[in-house]
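Colleague: Sharing my_file06.tsv (TSV, C-alpha atoms) below.
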```tsv
chain	number	residue	atom	x	y	z
A	1	MET	CA	-76.62	-73.81	-224.19
A	2	LYS	CA	-74.20	-71.76	-226.25
A	3	ALA	CA	-76.71	-69.39	-227.82
A	4	PRO	CA	-78.22	-68.16	-224.56
A	5	ARG	CA	-74.77	-67.66	-223.12
A	6	THR	CA	-73.67	-65.56	-226.12
A	7	LEU	CA	-76.88	-63.57	-225.80
A	8	ALA	CA	-76.26	-63.05	-222.09
A	9	ALA	CA	-72.69	-61.90	-222.80
A	10	ALA	CA	-73.93	-59.48	-225.45
A	11	MET	CA	-76.56	-58.09	-223.07
A	12	LEU	CA	-73.97	-57.69	-220.32
A	13	ALA	CA	-71.63	-55.90	-222.71
A	14	ALA	CA	-74.45	-53.62	-223.82
A	15	ALA	CA	-75.36	-52.87	-220.20
A	16	ALA	CA	-71.74	-52.17	-219.25
A	17	CYS	CA	-71.47	-49.93	-222.30
A	18	LEU	CA	-74.57	-48.00	-221.28
A	19	LEU	CA	-73.36	-47.55	-217.71
A	20	ALA	CA	-69.82	-46.56	-218.59
A	21	GLY	CA	-70.77	-44.39	-221.56
A	22	CYS	CA	-69.06	-45.84	-224.59
A	23	ASN	CA	-66.55	-43.67	-226.38
A	24	SER	CA	-65.85	-45.99	-229.29
A	25	GLY	CA	-67.33	-43.50	-231.74
A	26	PRO	CA	-67.67	-43.71	-235.50
A	27	LYS	CA	-64.80	-43.32	-237.98
A	28	PRO	CA	-64.23	-39.84	-239.40
A	29	PRO	CA	-65.50	-39.26	-242.95
A	30	PRO	CA	-62.93	-39.33	-245.79
A	31	GLY	CA	-60.56	-36.37	-245.75
A	32	VAL	CA	-61.35	-35.57	-242.13
A	33	THR	CA	-58.69	-35.93	-239.43
A	34	GLY	CA	-59.12	-36.31	-235.70
A	35	ASP	CA	-60.94	-38.73	-233.42
A	36	PRO	CA	-64.75	-38.43	-233.47
A	37	GLY	CA	-65.04	-40.39	-230.20
A	38	LEU	CA	-62.73	-37.97	-228.37
A	39	GLY	CA	-64.54	-35.07	-230.06
A	40	LYS	CA	-67.87	-36.25	-228.70
A	41	LEU	CA	-66.38	-36.21	-225.20
A	42	ALA	CA	-64.53	-32.90	-225.68
A	43	LEU	CA	-67.58	-31.02	-226.91
A	44	THR	CA	-69.36	-31.66	-223.61
A	45	GLN	CA	-66.41	-30.00	-221.85
A	46	TYR	CA	-67.05	-26.79	-223.81
A	47	ALA	CA	-70.80	-27.06	-223.08
A	48	CYS	CA	-71.63	-27.16	-226.82
A	49	GLN	CA	-74.74	-29.19	-225.98
A	50	SER	CA	-76.13	-26.43	-223.78
A	51	CYS	CA	-76.91	-24.32	-226.87
A	52	HIS	CA	-76.98	-26.92	-229.68
A	53	LYS	CA	-78.98	-30.10	-229.96
A	54	ILE	CA	-76.37	-32.67	-231.01
A	55	PRO	CA	-77.31	-36.22	-232.03
A	56	GLY	CA	-75.67	-38.74	-229.70
A	57	VAL	CA	-75.07	-36.18	-226.93
A	58	VAL	CA	-77.33	-36.08	-223.87
A	59	GLY	CA	-78.72	-32.66	-223.01
A	60	SER	CA	-81.76	-30.42	-222.77
A	61	ASP	CA	-84.05	-29.48	-225.62
A	62	THR	CA	-82.29	-26.28	-226.56
A	63	PHE	CA	-82.59	-23.92	-229.50
A	64	VAL	CA	-80.17	-21.13	-228.63
A	65	GLY	CA	-77.82	-22.30	-231.38
A	66	ARG	CA	-78.95	-24.26	-234.38
A	67	PRO	CA	-79.40	-28.02	-234.03
A	68	LEU	CA	-76.36	-29.82	-235.45
A	69	GLU	CA	-78.17	-32.81	-236.86
A	70	GLY	CA	-77.03	-33.53	-240.41
A	71	LEU	CA	-74.07	-31.15	-240.16
A	72	GLY	CA	-71.89	-33.50	-242.23
A	73	LYS	CA	-74.27	-33.11	-245.15
A	74	ARG	CA	-74.71	-29.35	-245.11
A	75	PRO	CA	-73.02	-27.43	-247.95
A	76	PHE	CA	-72.51	-24.31	-245.81
A	77	ILE	CA	-71.93	-23.45	-242.16
A	78	ALA	CA	-72.39	-20.09	-240.39
A	79	GLY	CA	-74.52	-18.86	-243.30
A	80	ASN	CA	-72.00	-18.63	-246.13
A	81	LEU	CA	-68.88	-20.55	-245.14
A	82	LEU	CA	-68.08	-23.68	-247.17
A	83	ASN	CA	-68.56	-26.70	-244.96
A	84	ASN	CA	-65.15	-28.34	-244.63
A	85	GLN	CA	-63.05	-29.27	-241.63
A	86	PRO	CA	-60.70	-26.24	-241.61
A	87	ASN	CA	-63.64	-23.83	-241.85
A	88	LEU	CA	-65.60	-25.68	-239.17
A	89	MET	CA	-62.56	-25.64	-236.88
A	90	HIS	CA	-62.11	-21.92	-237.47
A	91	TRP	CA	-65.78	-21.31	-236.66
A	92	ILE	CA	-65.62	-23.45	-233.50
A	93	ARG	CA	-62.48	-21.68	-232.26
A	94	ASP	CA	-63.30	-18.08	-233.13
A	95	PRO	CA	-66.85	-17.59	-234.41
A	96	GLN	CA	-66.78	-13.81	-233.94
A	97	ALA	CA	-63.81	-13.48	-236.28
A	98	ILE	CA	-66.11	-14.82	-238.98
A	99	ASP	CA	-69.34	-13.13	-237.88
A	100	PRO	CA	-68.85	-10.34	-235.32
A	101	ALA	CA	-72.61	-10.23	-234.60
A	102	THR	CA	-72.98	-13.91	-233.72
A	103	ALA	CA	-74.12	-14.71	-230.21
A	104	MET	CA	-71.80	-17.73	-230.22
A	105	PRO	CA	-68.81	-16.88	-228.04
A	106	ASN	CA	-65.16	-17.80	-228.31
A	107	LEU	CA	-65.00	-20.75	-225.90
A	108	GLY	CA	-61.23	-21.10	-225.86
A	109	VAL	CA	-61.26	-24.40	-227.75
A	110	SER	CA	-57.76	-25.75	-228.39
A	111	GLU	CA	-56.78	-26.75	-231.93
A	112	LYS	CA	-56.64	-30.43	-230.98
A	113	ASP	CA	-60.08	-30.37	-229.37
A	114	ALA	CA	-61.53	-28.40	-232.30
A	115	ARG	CA	-60.15	-31.03	-234.68
A	116	ASN	CA	-61.72	-33.89	-232.73
A	117	ILE	CA	-65.01	-32.01	-232.21
A	118	SER	CA	-65.26	-31.17	-235.92
A	119	ALA	CA	-64.44	-34.81	-236.74
A	120	TYR	CA	-67.44	-35.88	-234.64
A	121	LEU	CA	-69.77	-33.22	-236.01
A	122	LEU	CA	-68.87	-34.09	-239.61
A	123	THR	CA	-69.98	-37.69	-238.99
A	124	LEU	CA	-73.53	-36.42	-238.36
A	125	ASP	CA	-75.78	-37.09	-241.31
B	1	MET	CA	-116.66	-71.40	-209.70
B	2	ALA	CA	-116.43	-67.83	-211.00
B	3	GLU	CA	-115.27	-66.76	-207.57
B	4	ALA	CA	-112.45	-69.30	-207.51
B	5	SER	CA	-111.10	-68.26	-210.91
B	6	THR	CA	-111.31	-64.57	-209.99
B	7	ARG	CA	-109.39	-65.31	-206.82
B	8	LEU	CA	-106.73	-67.13	-208.85
B	9	ILE	CA	-106.40	-64.20	-211.25
B	10	VAL	CA	-106.04	-61.69	-208.42
B	11	LYS	CA	-103.57	-63.91	-206.59
B	12	THR	CA	-101.44	-64.38	-209.71
B	13	ALA	CA	-101.50	-60.66	-210.48
B	14	VAL	CA	-100.49	-59.67	-206.94
B	15	LEU	CA	-97.70	-62.24	-206.76
B	16	THR	CA	-96.37	-61.24	-210.19
B	17	LEU	CA	-96.32	-57.56	-209.23
B	18	LEU	CA	-94.61	-58.37	-205.94
B	19	ALA	CA	-91.98	-60.50	-207.67
B	20	ALA	CA	-91.36	-57.84	-210.33
B	21	GLY	CA	-91.11	-55.13	-207.67
B	22	THR	CA	-88.65	-57.15	-205.59
B	23	LEU	CA	-86.55	-57.97	-208.64
B	24	GLY	CA	-86.53	-54.31	-209.73
B	25	ALA	CA	-85.55	-53.13	-206.26
B	26	ALA	CA	-82.78	-55.74	-206.06
B	27	ALA	CA	-81.41	-54.70	-209.47
B	28	GLY	CA	-81.53	-51.04	-208.46
B	29	LEU	CA	-79.80	-51.78	-205.18
B	30	LEU	CA	-77.08	-53.70	-207.03
B	31	VAL	CA	-76.37	-50.86	-209.49
B	32	TRP	CA	-76.43	-48.34	-206.63
B	33	ARG	CA	-74.17	-50.27	-204.24
B	34	ALA	CA	-71.71	-51.56	-206.85
B	35	GLY	CA	-71.05	-48.00	-207.99
B	36	TRP	CA	-71.54	-48.86	-211.64
B	37	TYR	CA	-73.20	-45.57	-212.47
B	38	ASN	CA	-70.39	-43.21	-213.50
B	39	ILE	CA	-70.56	-40.08	-211.35
B	40	GLY	CA	-67.66	-38.43	-213.25
B	41	ALA	CA	-68.41	-35.16	-214.99
B	42	THR	CA	-66.70	-36.20	-218.22
B	43	THR	CA	-69.43	-38.79	-218.75
B	44	PRO	CA	-72.88	-37.45	-219.52
B	45	HIS	CA	-75.92	-38.81	-217.70
B	46	LEU	CA	-77.93	-41.54	-219.36
B	47	GLY	CA	-80.55	-39.77	-221.43
B	48	ILE	CA	-83.39	-41.06	-219.28
B	49	VAL	CA	-81.68	-39.94	-216.05
B	50	TYR	CA	-80.92	-36.47	-217.44
B	51	THR	CA	-84.41	-35.93	-218.79
B	52	GLY	CA	-86.03	-37.36	-215.66
B	53	LEU	CA	-84.03	-35.10	-213.33
B	54	GLU	CA	-84.52	-32.05	-215.52
B	55	GLN	CA	-88.26	-32.58	-215.69
B	56	ALA	CA	-88.43	-33.13	-211.93
B	57	MET	CA	-86.63	-29.82	-211.41
B	58	ARG	CA	-89.05	-28.07	-213.75
B	59	TYR	CA	-92.10	-29.43	-211.90
B	60	SER	CA	-90.58	-28.58	-208.52
B	61	VAL	CA	-89.81	-24.99	-209.54
B	62	GLN	CA	-93.26	-24.52	-211.07
B	63	HIS	CA	-94.85	-25.79	-207.87
B	64	HIS	CA	-92.75	-23.82	-205.41
B	65	ALA	CA	-92.82	-20.56	-207.37
B	66	ARG	CA	-96.57	-20.59	-207.93
B	67	LYS	CA	-97.37	-17.99	-205.27
B	68	VAL	CA	-94.47	-15.60	-205.87
B	69	ALA	CA	-95.83	-12.12	-206.63
B	70	VAL	CA	-93.97	-10.34	-209.43
B	71	PRO	CA	-93.35	-6.62	-208.83
B	72	ALA	CA	-93.45	-4.04	-211.60
B	73	LEU	CA	-90.02	-4.05	-213.24
B	74	GLY	CA	-88.72	-1.12	-215.24
B	75	GLU	CA	-85.76	0.06	-217.29
B	76	ALA	CA	-83.77	0.89	-214.16
B	77	ASP	CA	-84.07	-2.75	-213.08
B	78	VAL	CA	-82.74	-3.94	-216.44
B	79	VAL	CA	-79.73	-1.64	-216.14
B	80	ARG	CA	-79.06	-2.63	-212.53
B	81	GLY	CA	-79.65	-6.29	-213.44
B	82	GLY	CA	-76.93	-6.14	-216.09
B	83	ILE	CA	-74.35	-5.33	-213.44
B	84	VAL	CA	-75.64	-8.03	-211.06
B	85	TYR	CA	-75.66	-10.53	-213.93
B	86	ARG	CA	-72.14	-9.63	-215.03
B	87	ASP	CA	-70.78	-9.92	-211.48
B	88	ASN	CA	-72.57	-13.11	-210.39
B	89	CYS	CA	-74.15	-15.05	-213.27
B	90	ALA	CA	-72.10	-14.70	-216.46
B	91	GLN	CA	-69.27	-16.75	-214.90
B	92	CYS	CA	-71.31	-19.92	-215.36
B	93	HIS	CA	-74.07	-18.94	-217.80
B	94	GLY	CA	-72.26	-16.62	-220.23
B	95	GLY	CA	-74.17	-14.03	-222.22
B	96	PRO	CA	-74.79	-13.01	-225.84
B	97	GLY	CA	-71.36	-13.44	-227.46
B	98	VAL	CA	-69.70	-14.06	-224.10
B	99	ALA	CA	-68.56	-17.50	-222.96
B	100	PRO	CA	-68.86	-18.80	-219.41
B	101	ASN	CA	-65.54	-19.23	-217.63
B	102	ILE	CA	-63.87	-22.65	-217.51
B	103	HIS	CA	-65.71	-23.68	-214.34
B	104	GLY	CA	-69.05	-23.12	-216.00
B	105	LEU	CA	-67.96	-24.90	-219.17
B	106	SER	CA	-66.73	-27.97	-217.32
B	107	MET	CA	-69.76	-28.56	-215.10
B	108	GLN	CA	-72.10	-31.50	-215.52
B	109	PRO	CA	-74.94	-30.76	-216.02
B	110	ALA	CA	-73.81	-27.70	-218.00
B	111	PRO	CA	-75.31	-24.56	-216.38
B	112	GLY	CA	-76.42	-23.55	-219.85
B	113	PRO	CA	-77.21	-20.20	-221.41
B	114	LEU	CA	-79.82	-17.80	-220.05
B	115	VAL	CA	-80.27	-15.82	-223.26
B	116	ASP	CA	-83.43	-17.91	-223.75
B	117	ALA	CA	-84.43	-17.88	-220.06
B	118	PRO	CA	-87.83	-16.16	-220.53
B	119	MET	CA	-88.77	-18.71	-223.18
B	120	ARG	CA	-88.26	-21.46	-220.61
B	121	TRP	CA	-89.40	-19.86	-217.37
B	122	GLN	CA	-91.91	-17.36	-215.96
B	123	SER	CA	-90.51	-14.33	-214.10
B	124	ARG	CA	-91.63	-15.73	-210.73
B	125	GLU	CA	-89.80	-18.98	-211.52
B	126	LEU	CA	-86.57	-17.18	-212.50
B	127	TYR	CA	-86.80	-15.26	-209.22
B	128	TRP	CA	-87.39	-18.44	-207.23
B	129	ILE	CA	-84.49	-20.32	-208.87
B	130	THR	CA	-82.12	-17.38	-208.32
B	131	ARG	CA	-83.18	-16.94	-204.71
B	132	HIS	CA	-83.22	-20.61	-203.67
B	133	GLY	CA	-80.78	-22.28	-206.07
B	134	VAL	CA	-81.11	-25.86	-207.32
B	135	LYS	CA	-79.77	-28.78	-205.28
B	136	MET	CA	-77.14	-31.04	-206.91
B	137	SER	CA	-76.97	-28.90	-210.04
B	138	GLY	CA	-74.29	-26.43	-209.01
B	139	MET	CA	-76.79	-23.56	-208.98
B	140	PRO	CA	-76.20	-21.62	-205.75
B	141	ALA	CA	-78.89	-19.95	-203.68
B	142	TRP	CA	-78.61	-16.16	-203.73
B	143	GLU	CA	-81.06	-15.37	-200.94
B	144	PHE	CA	-78.27	-14.51	-198.51
B	145	ARG	CA	-76.04	-12.88	-201.14
B	146	LEU	CA	-78.30	-10.57	-203.15
B	147	THR	CA	-80.93	-8.11	-202.01
B	148	ASP	CA	-84.49	-8.78	-203.07
B	149	ALA	CA	-84.35	-5.73	-205.35
B	150	ASP	CA	-81.19	-7.00	-207.04
B	151	THR	CA	-82.71	-10.47	-207.48
B	152	TRP	CA	-85.69	-8.93	-209.28
B	153	ALA	CA	-83.33	-6.68	-211.25
B	154	VAL	CA	-81.50	-9.71	-212.59
B	155	VAL	CA	-84.85	-11.26	-213.53
B	156	ALA	CA	-85.68	-8.07	-215.45
B	157	PHE	CA	-82.31	-8.33	-217.19
B	158	MET	CA	-82.86	-11.98	-218.14
B	159	ASN	CA	-86.26	-11.11	-219.56
B	160	ARG	CA	-84.54	-8.60	-221.83
B	161	MET	CA	-81.70	-10.88	-222.96
B	162	PRO	CA	-83.36	-12.62	-225.93
B	163	ALA	CA	-83.68	-9.24	-227.64
B	164	MET	CA	-80.10	-8.22	-226.88
B	165	THR	CA	-77.37	-8.09	-229.49
B	166	VAL	CA	-73.76	-8.82	-228.61
B	167	ALA	CA	-73.18	-5.04	-228.57
B	168	ASP	CA	-76.23	-4.38	-226.32
B	169	TYR	CA	-74.96	-6.90	-223.81
B	170	LYS	CA	-71.49	-5.33	-223.81
B	171	THR	CA	-72.96	-1.89	-223.25
B	172	LEU	CA	-75.33	-2.92	-220.45
B	173	THR	CA	-72.74	-4.93	-218.56
B	174	ALA	CA	-70.03	-2.27	-218.89
B	175	MET	CA	-71.98	0.52	-217.23
B	176	ALA	CA	-70.58	0.31	-213.72
B	177	PRO	CA	-67.32	-0.90	-212.20
B	178	ALA	CA	-67.34	-4.19	-210.28
B	179	GLU	CA	-69.31	-4.06	-207.06
B	180	ASP	CA	-67.79	-3.72	-203.65
B	181	GLN	CA	-68.11	-7.37	-202.62
B	182	ALA	CA	-68.97	-6.65	-198.98
B	183	GLN	CA	-71.87	-4.43	-199.93
B	184	ALA	CA	-73.06	-6.84	-202.58
B	185	ARG	CA	-73.10	-9.65	-200.05
B	186	ASP	CA	-74.98	-7.83	-197.31
B	187	PRO	CA	-78.69	-7.99	-198.10
B	188	ALA	CA	-79.47	-5.70	-195.15
B	189	ALA	CA	-77.31	-2.94	-196.59
B	190	GLY	CA	-79.14	-3.19	-199.84
B	191	GLU	CA	-82.57	-3.14	-198.22
B	192	ALA	CA	-81.74	0.18	-196.60
B	193	ARG	CA	-80.92	1.92	-199.85
```
What does the file become when written as structure tokens?

Modeller:
Amino acid sequence: MKAPRTLAAAMLAAAACLLAGCNSGPKPPPGVTGDPGLGKLALTQYACQSCHKIPGVVGSDTFVGRPLEGLGKRPFIAGNLLNNQPNLMHWIRDPQAIDPATAMPNLGVSEKDARNISAYLLTLD
Amino acid sequence: MAEASTRLIVKTAVLTLLAAGTLGAAAGLLVWRAGWYNIGATTPHLGIVYTGLEQAMRYSVQHHARKVAVPALGEADVVRGGIVYRDNCAQCHGGPGVAPNIHGLSMQPAPGPLVDAPMRWQSRELYWITRHGVKMSGMPAWEFRLTDADTWAVVAFMNRMPAMTVADYKTLTAMAPAEDQAQARDPAAGEAR
């Protein structure tokens, strides 16, 4: 009797999680600060997913910006910038300061949101 | 004998389908009435809901725009379209190197960029979407706000956007001061010109 009940509870929890949209995201990689779960939520409020395909984020098939799958494992971002959290945050907050010709705009991302967003993106492998 | 077993198979199949259908409808009704689906715009749709709705919109637009005749569009339309786009579209859709405003960024579904619009849509479909809008998506209808010529001009501009640099976009959208709103909103006035 106990096993089916545990199973039922697990299924209910999974269903509730699906419906509510779970935010209990992964832990940030070593050396990275911020909350990846909050970052995953924040990035949808800057419409990141409307140009980038981002694993774990619901959106259209879009190729305006590059897909962000595996970002945590890339050695460079934005062509020639070392991939670390400060550089990623700088790029997210002011891409045209790094590459004036980029089509990626300045989206007015706050430092806190950029920290959380970069924490989420750096978990992608 | 064969007839009796066939009848049993059919009866079982029909009853099973009926039971499954009833159960499915009851589950759907429960989720719908209990309000469990989160309508808040800080929670994304379930993937299957998002993709299903998006695909339905695509099919609907393709169907309804199938008979729209596309006029010849020239350089003047692109230039005019840049002004129309800047004044009415960039607020939610942004442009090359230009972000949407906060309303556009915070919408769910995100209005999304149009720099790749011609890769996703035919000209007649872009015209139809602009003219009629899209229910429940936040996309307004422009039929009563823009002249037909301006609607086609903005289509011509969108068709050019993939090839535009950040500087091109700045130049094209900076060519004229902001429109007189009253004139922009009176399609009849535009038709006369």

Colleague: Taking only C-alpha atoms into account, find every residue of chain A that has an atom no more than 9 Å from chain B, and write it out as a PyMOL selection string.

Modeller: chain A and resi 16+18-21+41-42+44-51+57-60+62-64+96+100-108

Colleague: Quick one: everything within 12 Å of B:Gly133, counting all atoms listed in the file, minus sequence neighbours fewer than 3 positions away in the same chain. Send it as an NGL selection string.

Modeller: :B and (57 or 60-61 or 111 or 125-130 or 136-145)

Colleague: Can you pull out the residues contacting A:Ala114? Cut-off 7 Å, using all atoms listed in the file, and skip same-chain residues under 4 positions away; I want them as a PyMOL selection string.

Modeller: chain A and resi 89+92-93+109-110+118

Colleague: Quick one, how far is atom CA of A:Pro29 from atom CA of A:Asp99?

Modeller: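 Spanning atom CA of A:Pro29 to atom CA of A:Asp99 is a straight-line distance of 26.9 Å.
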
Colleague: For A:Leu122, which residue among A:Leu71, A:Leu88, A:Ala97, A:Ile54 is the nearest when counting only C-alpha atoms?

Modeller: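 Among A:Leu71, A:Leu88, A:Ala97, A:Ile54, it is A:Leu71 that comes nearest to A:Leu122.
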
Colleague: Could you check how far atom CA of A:Asn87 sits from atom CA of A:Asn116, in Å to one decimal?

Modeller: 13.7 Å

Colleague: As an exercise, work out the distance from atom CA of A:Trp91 to atom CA of B:Met175 in Å and give it to one decimal place.

Modeller: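 According to the coordinates, atom CA of A:Trp91 and atom CA of B:Met175 are separated by 29.9 Å.
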